[in-house]
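To start, the structure under review is shown below, and the notes come after it.
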There are 2 protein chains.
Amino acid sequence: MQLIKAVQQEHRVLALWEDGIAEEFPTIWLLHACTCERCGLSIKGVRQQRLTDYPPRPVIKGISVHGDTLHITWEDEHKSAYPGKWLRGHRLSESGRFERRPIPYVWGADLKLPDFVSYEVVANDLFANLQMLESIRDRGFALLCDIPTELSMTEEIPAIIGKRRETNYGIYELKAKAEPEITGDMAVELTPHTDEMYRIDPPGITLFHVVVQSPIGGESSLVDGLRLAERLGQENPDALRTLCKIPARFHRELDEGRHFDIQAPIFRQDANGIITGIRLNDRCMAPVDATPTDTERFYDALRPLLDIIYAKDETIQFKIDAGQMLIFNNHRLLHGRSSFDSASSRHVRIVHVDLDEFHSRLRVSLREAGREDEWMHLGPGATA
Amino acid sequence: MQLIKAVQQEHRVLALWEDGIAEEFPTIWLLHACTCERCGLSIKGVRQQRLTDYPPRPVIKGISVHGDTLHITWEDEHKSAYPGKWLRGHRLSESGRFERRPIPYVWGADLKLPDFVSYEVVANDLFANLQMLESIRDRGFALLCDIPTELSMTEEIPAIIGKRRETNYGIYELKAKAEPEITGDMAVELTPHTDEMYRIDPPGITLFHVVVQSPIGGESSLVDGLRLAERLGQENPDALRTLCKIPARFHRELDEGRHFDIQAPIFRQDANGIITGIRLNDRCMAPVDATPTDTERFYDALRPLLDIIYAKDETIQFKIDAGQMLIFNNHRLLHGRSSFDSASSRHVRIVHVDLDEFHSRLRVSLREAGREDEWMHLGPGATA
């Protein structure tokens, strides 16, 4: 889409594209966006000019459009140039800004399970990789198969999603107890929940690498937190408002003497009131910290939400075999698993990628693929 | 303080302490707080009873206080016991909840620099350690001296603050370029800023371990972000409101192909409107993503804040020598440094502790010291 014209209107510039889109850009914004040698490159952390070096309402001396580039000469002869494509990706009108919001695909129990995608394909093909990243962004999860049998693959695979989050325990090894007291003893079912919801910034993109599966049970379940919000909002809008506003309290004491205790709403909303994430584990909830009236309101609101989860109305269930992997956004989806044979040597290796590292990879891939949505506004999920 | 009496009032319990404090606790809250064998221990992630197993307004059959413990027998003969000290630490009235908020000591340029504390002392003495943790909580920083010369101390020291955050690059080694082109070439001054403000959850507690200092320059500077908010609020309340509301945008492209781009307000407020943190680096700011009117409002509000920072009115400056360490909360304080001789082999090693790991350590230490404020409500700083 070609930028065709730009005119000065007091302390703003009105830019016009060939499809009729017209956008206003304040002159102070344009100066702050200038990447000339004198101003510097903020994206590289190098910026010679300070905001206070510019006047609050910079004055333009000359303005023109040549070859899809906006050229401005400022009052002091300083010259700036802005590619039309970049300006188009940074529209400031309500509608322009709205177009940069990702629209999640919100799903329920009737979701058709997406295909398992071969690891070799997503590791080597930019477009297949991008499709997987977009599936994680839009649906909240993706499924991989054909993972080579080496255990070290768990460490390697996150690289296709974003830089792996290092932890003090390395890789989390999820195994049934090695010597169950009764053969056939079932490892218990886990109700859908989010992981480490007692942390300020819970693990973001979570990768479950199944190394050994149990022949009986051990199915994974997933629930879309955005669907839960949607249903609660339809059936009990007051309850949804309450769970967006009155913080829940989650706590966890770990054996080595760590004690987490956090207060954060179950549903996180952005400044526009759009729900961006969920944190919930009914087994780790501490008694809420709210006035007596808000306390009763909170528990009354939590009840219908738990009813939906316990009824499994919105849950999908499927089995991940050895050599396969579930990759999901722990700030949006709840996950659980059915009981399984604890004598089965079931073994799952768990690693994480921070949400902003995932966003970084998605951003770079969109750019490499020449996509126009590379400037999409990706939010902070369920971070406290 | 002894719990002396408890009476049922409809679906709440009114508890009375010997100092006259009276507090209401809803019965549903009390049941959710029950840690009997049947209910389970949510703090250990083990909870057999679900909220939906309890009635919304549980009915009490018997209530009594014996030896500072509240005993309740529920309608179904289920019995619960609550230590008076625990109830006292979990008061739900506005005033009770207010007492759990830490009150920061907000400071300016006239701050008397706290003493450097010997590493051996804080590593071995619970109360000295707690005093240091409280200094980080209240002032936003602490200073250590007498650090043994082994480089590996950088890895060990975080353990006195909380579990160290592992990163893919290990320890960040801050050194002047090994072969400066001109001897005496000065490594430039850095204006006060917060680190990695382009991340959803920036590094929390940051430790600067000085291994080699420059004989000339290299002084550290600190600015209290809460003081900046206070001054801006006095001098330009509209500007403060704007910077709490309209998100700034920070971005950073790293050489290995990572590209962060985040939107978050410069000042973070909690649900009560209290400012809990700051994120700001004028060299990494991207052009803001807001409507044209909000864009102008944002830059107009940022200007007086930057003026205060650039004028150094609120800045303290001091030199950290080799074998000393600065520990500060990167969600509250801005830090900078004066220029220094880049031929000086100046070497600083940087490590981090997540804010919630620091809170965990503080919580456990307060409990070990028998302090009544172990249930203090510690918030998420400047997390997005």
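A note on labels: chains of the structure tokens are A, B, ... as shown, every chain counts residues from 1, and ligands are counted from 1 in their shown order.
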Practice prompt. Within 10 Å of Asn129 of chain B, counting only C-alpha atoms, which residues show up once you throw out same-chain ones fewer than 5 positions away? Write them as a count of residues only, please.
Written response: 12
Item to complete: Taking the chain letters and numbering used in this document, name the residues of segment 90-296 of chain B that DSSP puts in strand (DSSP E), as a count of residues only.
Response: 51
Item to complete: Using only C-alpha atoms, select each residue of chain A with any atom at most 6 Å away from an atom of chain B, and give the selection as a ChimeraX atom specification.
Response: /A:33,42-47,92-93,166-167,251-253,258-260,283-284,287,290-291,360
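Minimum atom-to-atom distance to Pro202 of chain A, evaluated using only C-alpha atoms, belongs to A:Arg332 out of A:Arg101, A:Arg332, A:Arg367, A:Lys79.
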Worksheet item: What does the distance between atom CA of Leu3 of chain A and atom CA of Asp76 of chain A come to in Å, to one decimal place?
Response: 25.5 Å
